[in-house]
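J.: Provided below: my_file_6.cif, containing mmCIF, C-alpha atoms.
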data_final
#
loop_
_atom_site.label_atom_id
_atom_site.label_comp_id
_atom_site.auth_asym_id
_atom_site.auth_seq_id
_atom_site.Cartn_x
_atom_site.Cartn_y
_atom_site.Cartn_z
CA MET A 1 107.99 160.68 36.93
CA GLU A 2 109.94 160.03 40.13
CA PHE A 3 110.17 163.79 40.70
CA VAL A 4 106.40 164.12 40.27
CA LYS A 5 105.83 161.36 42.82
CA LEU A 6 108.18 163.02 45.31
CA ALA A 7 106.53 166.38 44.76
CA ALA A 8 103.09 164.86 45.25
CA ALA A 9 104.27 163.15 48.42
CA ALA A 10 105.66 166.44 49.72
CA VAL A 11 102.39 168.20 49.00
CA GLY A 12 100.50 165.43 50.72
CA THR A 13 102.73 165.63 53.77
CA ALA A 14 102.34 169.40 53.92
CA ALA A 15 98.58 169.05 53.68
CA LEU A 16 98.62 166.47 56.45
CA LEU A 17 100.69 168.74 58.67
CA ALA A 18 98.43 171.67 57.88
CA GLY A 19 95.43 169.56 58.73
CA THR A 20 97.03 168.51 62.00
CA ALA A 21 97.77 172.13 62.87
CA ALA A 22 94.27 173.17 61.93
CA SER A 23 92.78 170.47 64.11
CA ALA A 24 94.78 171.49 67.22
CA GLN A 25 92.32 172.08 70.03
CA THR A 26 92.72 173.90 73.33
CA ASN A 27 89.85 173.63 75.82
CA LEU A 28 90.05 175.96 78.81
CA ARG A 29 88.05 176.42 81.99
CA ILE A 30 88.53 179.98 83.26
CA GLN A 31 87.09 181.60 86.40
CA THR A 32 86.74 185.30 87.17
CA HIS A 33 85.41 186.96 90.31
CA TYR A 34 83.47 189.49 88.24
CA ALA A 35 79.76 189.16 87.65
CA PRO A 36 78.81 188.98 83.95
CA GLU A 37 76.73 192.17 84.13
CA THR A 38 79.62 194.35 85.39
CA VAL A 39 81.82 196.30 83.01
CA SER A 40 84.77 194.01 83.77
CA GLY A 41 82.61 190.92 83.35
CA LYS A 42 81.62 192.09 79.88
CA LEU A 43 85.26 192.82 79.03
CA ALA A 44 86.22 189.31 80.13
CA ALA A 45 83.52 187.93 77.84
CA GLN A 46 84.97 190.01 74.97
CA TYR A 47 88.41 188.50 75.61
CA VAL A 48 86.94 185.01 75.43
CA ASP A 49 85.18 185.86 72.18
CA ASP A 50 88.42 187.33 70.78
CA ILE A 51 90.58 184.27 71.41
CA GLN A 52 87.91 181.86 70.20
CA THR A 53 87.36 183.86 67.02
CA MET A 54 91.03 184.53 66.26
CA SER A 55 91.81 180.84 66.70
CA ASN A 56 88.95 179.91 64.35
CA GLY A 57 87.40 177.92 67.17
CA GLU A 58 90.58 175.99 68.02
CA ILE A 59 90.53 177.61 71.47
CA SER A 60 87.34 176.85 73.33
CA VAL A 61 86.56 178.44 76.72
CA GLU A 62 84.11 177.49 79.43
CA MET A 63 83.86 180.71 81.46
CA PHE A 64 82.79 180.83 85.10
CA TYR A 65 81.72 184.20 86.49
CA SER A 66 81.20 185.45 90.07
CA SER A 67 83.65 182.84 91.44
CA SER A 68 81.03 180.16 90.88
CA VAL A 69 83.40 177.16 91.09
CA VAL A 70 85.65 178.11 94.02
CA LYS A 71 86.08 181.26 96.12
CA SER A 72 88.00 184.11 94.51
CA VAL A 73 91.06 183.57 96.70
CA GLU A 74 91.10 179.85 95.78
CA THR A 75 91.03 180.37 92.00
CA PHE A 76 94.81 180.42 91.57
CA ASP A 77 95.30 177.09 93.35
CA ALA A 78 92.32 175.58 91.53
CA ALA A 79 94.03 176.40 88.23
CA ALA A 80 97.44 175.20 89.42
CA THR A 81 96.00 171.85 90.52
CA GLY A 82 93.77 171.24 87.49
CA ILE A 83 90.31 171.95 88.92
CA LEU A 84 90.33 174.91 86.52
CA ASP A 85 92.81 175.80 83.78
CA CYS A 86 93.14 179.56 84.21
CA ASP A 87 92.65 182.20 86.89
CA MET A 88 91.18 185.55 85.80
CA THR A 89 91.12 187.25 89.22
CA GLY A 90 94.29 188.95 90.47
CA GLY A 91 97.64 188.30 92.11
CA GLY A 92 96.65 190.24 95.21
CA TYR A 93 94.60 187.27 96.40
CA GLN A 94 97.80 185.21 96.76
CA THR A 95 99.77 187.36 99.22
CA GLY A 96 99.44 184.63 101.86
CA LYS A 97 101.34 182.31 99.54
CA ASN A 98 104.17 184.79 98.96
CA PRO A 99 104.13 188.54 99.77
CA ALA A 100 105.65 189.11 96.33
CA PHE A 101 102.16 188.70 94.89
CA GLN A 102 101.25 192.02 96.50
CA PHE A 103 103.57 193.73 94.05
CA VAL A 104 102.03 192.13 90.98
CA GLY A 105 98.51 192.46 92.39
CA ASP A 106 98.28 195.98 93.78
CA ILE A 107 101.33 198.01 94.77
CA MET A 108 99.10 200.73 96.33
CA GLY A 109 100.20 204.35 96.49
CA GLY A 110 102.42 203.91 93.44
CA TYR A 111 101.35 204.38 89.84
CA ALA A 112 98.80 207.06 88.99
CA THR A 113 97.36 205.58 85.77
CA PRO A 114 96.82 202.16 84.18
CA TYR A 115 99.21 203.14 81.38
CA GLN A 116 102.08 203.73 83.82
CA GLN A 117 101.45 200.40 85.53
CA LEU A 118 101.23 198.51 82.24
CA SER A 119 104.39 200.18 81.01
CA TRP A 120 106.27 198.69 84.00
CA LEU A 121 105.00 195.25 82.99
CA TYR A 122 105.93 195.49 79.32
CA PHE A 123 108.82 197.98 79.28
CA GLY A 124 110.20 198.02 82.83
CA GLY A 125 111.17 194.36 83.09
CA GLY A 126 108.08 193.58 85.11
CA LEU A 127 106.80 190.69 83.03
CA GLU A 128 110.06 188.79 83.30
CA ASP A 129 110.27 189.35 87.07
CA ALA A 130 106.63 188.45 87.61
CA GLN A 131 106.89 185.36 85.41
CA GLU A 132 109.57 183.90 87.68
CA LEU A 133 107.16 184.25 90.60
CA TYR A 134 104.21 182.67 88.79
CA ASN A 135 106.30 179.81 87.40
CA LYS A 136 107.44 178.97 90.92
CA TYR A 137 103.82 178.03 91.63
CA ASP A 138 103.30 176.14 88.36
CA MET A 139 101.44 179.00 86.70
CA GLU A 140 102.07 181.14 83.63
CA LEU A 141 101.22 184.86 83.69
CA ILE A 142 99.47 185.64 80.40
CA GLY A 143 99.00 189.34 81.08
CA TRP A 144 97.23 192.13 82.97
CA TRP A 145 94.08 194.15 82.51
CA VAL A 146 94.14 197.28 84.69
CA TYR A 147 90.95 199.30 84.99
CA GLY A 148 92.40 202.25 86.90
CA GLN A 149 92.05 203.68 90.35
CA GLU A 150 89.33 202.22 92.54
CA SER A 151 86.65 204.16 94.43
CA PHE A 152 85.17 203.37 97.81
CA ALA A 153 81.51 202.83 98.61
CA SER A 154 80.60 204.18 102.05
CA SER A 155 77.67 204.95 104.30
CA LYS A 156 79.46 208.06 105.59
CA PRO A 157 81.67 210.77 104.07
CA ILE A 158 85.24 209.78 103.16
CA SER A 159 86.90 213.01 102.07
CA LYS A 160 90.14 212.94 104.10
CA VAL A 161 92.40 210.58 106.05
CA GLU A 162 90.70 211.50 109.33
CA ASP A 163 87.46 209.98 108.02
CA PHE A 164 89.06 206.53 108.07
CA LYS A 165 89.07 206.47 111.88
CA ASP A 166 87.01 203.47 113.07
CA TRP A 167 85.64 203.00 109.53
CA LYS A 168 84.73 199.33 109.09
CA PHE A 169 85.17 198.39 105.47
CA ARG A 170 85.65 195.36 103.27
CA SER A 171 89.27 194.97 102.30
CA PRO A 172 91.02 192.41 100.11
CA PRO A 173 93.80 190.49 101.87
CA GLY A 174 97.35 191.72 101.93
CA MET A 175 99.08 195.06 102.32
CA GLU A 176 95.92 197.15 102.19
CA THR A 177 94.85 195.98 105.63
CA LYS A 178 98.16 197.17 107.13
CA ILE A 179 98.02 200.57 105.43
CA PHE A 180 94.49 201.31 106.54
CA GLU A 181 95.04 200.09 110.08
CA LYS A 182 97.84 202.67 110.30
CA LEU A 183 95.36 205.30 109.14
CA GLY A 184 92.84 204.35 111.84
CA ALA A 185 90.40 202.23 109.82
CA SER A 186 89.08 198.76 110.68
CA PRO A 187 89.54 196.64 107.53
CA ILE A 188 87.62 193.36 107.36
CA VAL A 189 88.84 190.80 104.83
CA MET A 190 85.99 189.08 103.00
CA ASP A 191 85.33 187.56 99.61
CA PHE A 192 84.38 189.84 96.74
CA THR A 193 81.01 188.08 96.40
CA GLU A 194 80.03 188.85 100.02
CA ILE A 195 80.29 192.65 99.80
CA PHE A 196 76.70 193.50 98.88
CA THR A 197 75.16 191.49 101.72
CA ALA A 198 77.68 192.81 104.26
CA LEU A 199 76.82 196.40 103.32
CA GLU A 200 73.11 195.66 103.26
CA THR A 201 73.17 194.18 106.77
CA GLY A 202 75.47 196.83 108.26
CA ILE A 203 78.34 194.45 109.01
CA ILE A 204 80.56 197.00 107.27
CA ASP A 205 80.32 200.77 106.78
CA GLY A 206 81.93 200.69 103.38
CA ALA A 207 83.84 198.66 100.86
CA ASP A 208 86.90 198.63 98.71
CA ALA A 209 85.38 196.66 95.86
CA SER A 210 86.32 197.99 92.44
CA GLY A 211 86.24 200.99 90.15
CA LEU A 212 83.27 203.33 90.25
CA ALA A 213 81.48 201.81 87.24
CA ASN A 214 81.92 198.26 88.55
CA ASN A 215 80.61 199.34 91.95
CA VAL A 216 77.50 200.65 90.22
CA GLY A 217 77.14 197.31 88.46
CA LEU A 218 77.36 195.57 91.83
CA GLY A 219 74.54 197.76 93.17
CA LEU A 220 76.63 199.18 96.01
CA TYR A 221 75.37 202.74 95.63
CA ASP A 222 71.81 201.53 95.93
CA LEU A 223 72.76 200.84 99.56
CA VAL A 224 75.22 203.61 100.48
CA LYS A 225 75.44 207.19 99.27
CA HIS A 226 79.09 208.20 99.50
CA ALA A 227 82.04 207.52 97.20
CA ASN A 228 85.37 209.09 96.30
CA PHE A 229 86.22 210.03 92.74
CA PRO A 230 88.75 210.13 91.19
CA GLY A 231 90.08 207.14 93.07
CA PHE A 232 93.59 207.02 94.48
CA HIS A 233 94.19 204.23 96.95
CA SER A 234 94.21 201.07 94.86
CA MET A 235 94.75 200.13 91.25
CA PRO A 236 94.69 196.32 91.07
CA SER A 237 96.32 194.48 88.22
CA ASP A 238 93.73 191.88 87.34
CA HIS A 239 95.53 189.02 85.68
CA LEU A 240 95.03 186.04 83.47
CA ALA A 241 97.25 183.23 84.72
CA CYS A 242 97.07 179.67 83.45
CA ASN A 243 98.28 176.28 84.61
CA LYS A 244 101.84 176.19 83.23
CA ALA A 245 101.63 172.60 82.04
CA VAL A 246 98.40 173.38 80.21
CA PHE A 247 99.88 176.51 78.65
CA ASP A 248 103.13 174.81 77.67
CA ALA A 249 101.13 172.09 75.91
CA MET A 250 99.31 174.60 73.72
CA PRO A 251 100.44 175.11 70.12
CA ALA A 252 102.64 178.19 69.78
CA HIS A 253 99.99 180.06 67.80
CA HIS A 254 97.43 179.50 70.60
CA GLN A 255 99.91 180.85 73.15
CA ARG A 256 100.51 183.90 71.00
CA ILE A 257 96.78 184.51 70.55
CA MET A 258 96.24 184.32 74.31
CA LYS A 259 99.01 186.82 75.10
CA VAL A 260 98.38 189.33 72.32
CA ALA A 261 94.65 189.28 73.09
CA MET A 262 95.54 190.20 76.68
CA GLU A 263 97.36 193.28 75.41
CA ALA A 264 94.21 194.21 73.50
CA LEU A 265 92.12 193.59 76.62
CA ALA A 266 94.47 195.80 78.66
CA LEU A 267 94.04 198.77 76.31
CA ARG A 268 90.31 198.19 75.94
CA THR A 269 89.90 197.99 79.72
CA ALA A 270 91.78 201.22 80.44
CA LEU A 271 89.89 203.15 77.77
CA THR A 272 86.52 201.64 78.64
CA PHE A 273 86.81 202.59 82.30
CA GLU A 274 87.91 206.15 81.62
CA LYS A 275 84.60 206.59 79.84
CA ALA A 276 82.49 204.32 82.08
CA ASN A 277 83.73 205.86 85.33
CA ALA A 278 83.07 209.40 84.10
CA GLU A 279 79.55 208.42 83.04
CA ALA A 280 78.96 206.62 86.34
CA ALA A 281 80.13 209.68 88.29
CA ALA A 282 77.71 211.94 86.43
CA GLN A 283 74.82 209.55 86.99
CA LEU A 284 75.62 209.04 90.69
CA ARG A 285 75.71 212.78 91.31
CA ALA A 286 72.31 213.05 89.62
CA ASP A 287 71.04 210.21 91.84
CA GLY A 288 72.11 211.96 95.02
CA VAL A 289 75.34 210.09 95.76
CA THR A 290 78.06 212.39 97.13
CA LEU A 291 81.43 212.02 95.41
CA HIS A 292 84.42 213.24 97.41
CA GLU A 293 87.55 214.46 95.61
CA TRP A 294 90.59 214.40 97.86
CA ALA A 295 92.91 217.39 98.30
CA PRO A 296 96.57 216.92 97.26
CA GLU A 297 97.84 217.08 100.85
CA GLU A 298 95.42 214.30 101.91
CA LEU A 299 96.44 212.18 98.94
CA GLN A 300 100.08 212.57 99.97
CA LYS A 301 99.30 211.35 103.48
CA PHE A 302 97.96 208.14 101.98
CA ARG A 303 100.89 207.70 99.59
CA ASP A 304 103.36 208.21 102.43
CA ALA A 305 101.61 205.56 104.54
CA ALA A 306 101.48 203.16 101.58
CA GLN A 307 105.10 203.56 100.53
CA ALA A 308 106.23 203.20 104.15
CA THR A 309 104.44 199.82 104.23
CA TRP A 310 106.06 198.32 101.11
CA PRO A 311 109.24 197.19 102.95
CA GLU A 312 107.11 195.29 105.47
CA PHE A 313 105.95 193.03 102.63
CA ALA A 314 109.34 192.70 100.94
CA THR A 315 110.17 189.69 103.10
CA THR A 316 111.07 187.14 100.42
CA PRO A 317 113.68 187.34 97.65
CA GLU A 318 110.90 187.51 95.03
CA ALA A 319 109.16 190.36 96.87
CA GLN A 320 112.41 192.27 97.35
CA ALA A 321 113.21 191.96 93.65
CA LEU A 322 109.78 193.23 92.63
CA VAL A 323 109.84 196.16 95.07
CA GLU A 324 113.26 197.19 93.77
CA SER A 325 112.01 196.91 90.20
CA HIS A 326 108.95 199.05 90.95
CA LEU A 327 110.93 201.67 92.87
CA ASN A 328 113.44 202.03 90.05
CA TYR A 329 110.67 202.50 87.52
CA LEU A 330 108.60 204.79 89.76
CA ASP A 331 111.71 206.90 90.27
CA GLN A 332 112.04 207.27 86.50
CA LEU A 333 108.43 208.46 86.43
CA GLY A 334 108.91 210.82 89.38
CA LEU A 335 106.31 209.04 91.53
CA VAL A 336 108.40 208.06 94.57
CA SER A 337 108.35 210.25 97.67
CA ASN A 338 111.81 211.64 98.48
#
Would you encode the structure as structure tokens?

T.:
Amino acid sequence: MEFVKLAAAAVGTAALLAGTAASAQTNLRIQTHYAPETVSGKLAAQYVDDIQTMSNGEISVEMFYSSSVVKSVETFDAAATGILDCDMTGGGYQTGKNPAFQFVGDIMGGYATPYQQLSWLYFGGGLEDAQELYNKYDMELIGWWVYGQESFASSKPISKVEDFKDWKFRSPPGMETKIFEKLGASPIVMDFTEIFTALETGIIDGADASGLANNVGLGLYDLVKHANFPGFHSMPSDHLACNKAVFDAMPAHHQRIMKVAMEALALRTALTFEKANAEAAAQLRADGVTLHEWAPEELQKFRDAAQATWPEFATTPEAQALVESHLNYLDQLGLVSN
């Protein structure tokens, strides 16, 4: 009889623990700079649906699109300080905080495909190196989603380096401004959400906004009729980064869901944009937009300028470590100029 009572008590305790685990709740406020109607905005929504569904509703997300709470560049700090919980923009916005963020945000002139860049993160020691940087600012890097090479939107042809001379274009902050200044352009740093109006009013001649399909979603080619495709200059690593205290407080299975779902989002993003960009290119050509494909020698001029600029941003121990990590991996892939 005593054994039966003990067994019943054990079962009851197990049920209680199971009930406690089942009732664990994680409520997150996440902001992205993407509009909900863009390809990336829809992919972000799919990620939210994935983690909510896989957690059986234990993870609940309030999603803010188009940087509707704070400006894109302020999202990271808003998450770190508790205004939000997670930042779904990109590390490139934080280069003013530490130049090392350039090398987790957009190395520029380095990797040729999303798969190469993701392989550095997961198989080249990148995640461990990057995590040290994020943790220093009370954030946890959950993962990347890389949509591939970006394309410009421009009111004039951009088919070679010479075309950058005196070209006023929207640029994100960081290393890109230095590279393009060296190539004769006039980069103007502005928020992602201001691009359409700046093009419409002629404040800028062109924009580095996103991939071709996202640019279509933003309506940029309704205003200007030149683009380059395939892209080559920039392949941002959009990230999901969460307040470290918030993440550490999550149950282990919620943490695992968040990170594994990011790996799924990464693959889905790369594949989606291969298809979406090709479809967008075909439609833009039909609509009278001129797409410029750069010659190999012109592409090399850009890569040389970009790789020559990396050391200028390797000015902190974290940045130096990341540059060395990238160069070692790029060398293995045969992508570093000798």

J.: Can you translate the PyMOL selection byres ((chain A and resi 286-292) around 7) into the concrete residues it hits in this file, as a count of residues only?

T.: 13

J.: Measuring atom to atom with only C-alpha atoms, identify which of A:Ile204, A:Ala261, A:Met88, A:Ala280 is nearest to Gln52 (chain A).

T.: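 Once distances to Gln52 (chain A) are computed over only C-alpha atoms, the minimum belongs to A:Ala261.
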
J.: Which residue out of A:Cys86, A:Leu43, A:Ala130, A:Ile30 has the minimum interatomic distance to Tyr65 (chain A) when all atoms listed in the file are used?

T.: A:Ile30

J.: Using all atoms listed in the file, find the one residue out of A:His253, A:Lys42, A:His233, A:Lys182 that sits nearest to Phe152 (chain A).

T.: A:His233

J.: Just to confirm, what's the straight-line distance from CA of Trp144 (chain A) to CA of Lys244 (chain A) in Å (one decimal)?

T.: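 Computing it gives 16.6 Å between the two atoms.
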
J.: Can you build me a table of region 61-155 of chain A residues sitting at most 9 Å from region 317-336 of chain A, with the closest atom pair per residue and its distance in Å to one decimal, using only C-alpha atoms, sorted by chain and residue number, as a Markdown table?

T.:
| residue | atom | partner | partner_atom | distance |
| --- | --- | --- | --- | --- |
| A:Asn98 | CA | A:Ala319 | CA | 7.8 |
| A:Pro99 | CA | A:Ala319 | CA | 6.1 |
| A:Ala100 | CA | A:Ala319 | CA | 3.8 |
| A:Phe101 | CA | A:Ala319 | CA | 7.5 |
| A:Gln102 | CA | A:Ala319 | CA | 8.1 |
| A:Phe103 | CA | A:Leu322 | CA | 6.4 |
| A:Val104 | CA | A:Leu322 | CA | 8.0 |
| A:Ile107 | CA | A:His326 | CA | 8.6 |
| A:Gly110 | CA | A:Leu335 | CA | 6.7 |
| A:Tyr111 | CA | A:Leu335 | CA | 7.0 |
| A:Ala112 | CA | A:Leu335 | CA | 8.2 |
| A:Gln116 | CA | A:Leu333 | CA | 8.3 |
| A:Trp120 | CA | A:Tyr329 | CA | 6.8 |
| A:Gly124 | CA | A:Tyr329 | CA | 6.5 |
| A:Gly125 | CA | A:Ser325 | CA | 7.6 |
| A:Gly126 | CA | A:Ser325 | CA | 7.2 |
| A:Asp129 | CA | A:Leu322 | CA | 6.8 |
| A:Ala130 | CA | A:Leu322 | CA | 7.6 |
| A:Glu132 | CA | A:Glu318 | CA | 8.3 |
| A:Leu133 | CA | A:Glu318 | CA | 6.7 |

J.: Between A:Ser72, A:Asn27, A:Asp238, A:Thr201, single out the one closest to Ser55 (chain A), counting all atoms listed in the file.

T.: A:Asn27

J.: Translate the PyMOL selection byres ((chain A and resi 76) around 10) into a concrete residue list for this structure, as a short mmCIF file (atom, residue, chain, number, x, y, z; two decimals) with C-alpha atoms, keeping the file's coordinate frame.

T.:
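For reference, expr_20.cif as written:
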data_model
loop_
_atom_site.label_atom_id
_atom_site.label_comp_id
_atom_site.auth_asym_id
_atom_site.auth_seq_id
_atom_site.Cartn_x
_atom_site.Cartn_y
_atom_site.Cartn_z
CA GLN A 31 87.09 181.60 86.40
CA VAL A 70 85.65 178.11 94.02
CA LYS A 71 86.08 181.26 96.12
CA SER A 72 88.00 184.11 94.51
CA VAL A 73 91.06 183.57 96.70
CA GLU A 74 91.10 179.85 95.78
CA THR A 75 91.03 180.37 92.00
CA ASP A 77 95.30 177.09 93.35
CA ALA A 78 92.32 175.58 91.53
CA ALA A 79 94.03 176.40 88.23
CA ALA A 80 97.44 175.20 89.42
CA THR A 81 96.00 171.85 90.52
CA ILE A 83 90.31 171.95 88.92
CA LEU A 84 90.33 174.91 86.52
CA ASP A 85 92.81 175.80 83.78
CA CYS A 86 93.14 179.56 84.21
CA ASP A 87 92.65 182.20 86.89
CA MET A 88 91.18 185.55 85.80
CA THR A 89 91.12 187.25 89.22
CA GLY A 90 94.29 188.95 90.47
CA GLY A 91 97.64 188.30 92.11
CA TYR A 93 94.60 187.27 96.40
CA GLN A 94 97.80 185.21 96.76
CA TYR A 137 103.82 178.03 91.63
CA MET A 139 101.44 179.00 86.70
CA LEU A 240 95.03 186.04 83.47
CA ALA A 241 97.25 183.23 84.72
CA CYS A 242 97.07 179.67 83.45
CA ASN A 243 98.28 176.28 84.61
#

J.: If the PyMOL selection byres ((chain A and resi 148) around 9) were run on this exact file, what residues would it hold? Put them as an MDAnalysis selection string.

T.: chainID A and resid 112:115 146:147 149:150 211 231 234:237 269:270 273:274

J.: Go through A:His239, A:Lys160, A:Ile179, A:Ala264 and flag the residue nearest Leu127 (chain A), using all atoms listed in the file for the distances.

T.: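 Closest residue, counting all atoms listed in the file: A:His239.
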
J.: Rounded to one decimal place, report the CA of Thr38 (chain A)-CA of Ile51 (chain A) distance in Å.

T.: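 Separating CA of Thr38 (chain A) from CA of Ile51 (chain A) is a distance of 20.4 Å.
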
J.: So how far away is CA of Arg268 (chain A) from CA of Ala153 (chain A), in Å?

T.: 24.8 Å

J.: Residues around (86.2, 199.3, 98.2), cut-off 8 Å, counting all atoms listed in the file - what are they as a CSV table (one decimal) with C-alpha atoms, in the coordinates of the input?

T.:
chain,number,residue,atom,x,y,z
A,150,GLU,CA,89.3,202.2,92.5
A,151,SER,CA,86.6,204.2,94.4
A,152,PHE,CA,85.2,203.4,97.8
A,153,ALA,CA,81.5,202.8,98.6
A,169,PHE,CA,85.2,198.4,105.5
A,170,ARG,CA,85.6,195.4,103.3
A,171,SER,CA,89.3,195.0,102.3
A,206,GLY,CA,81.9,200.7,103.4
A,207,ALA,CA,83.8,198.7,100.9
A,208,ASP,CA,86.9,198.6,98.7
A,209,ALA,CA,85.4,196.7,95.9
A,210,SER,CA,86.3,198.0,92.4
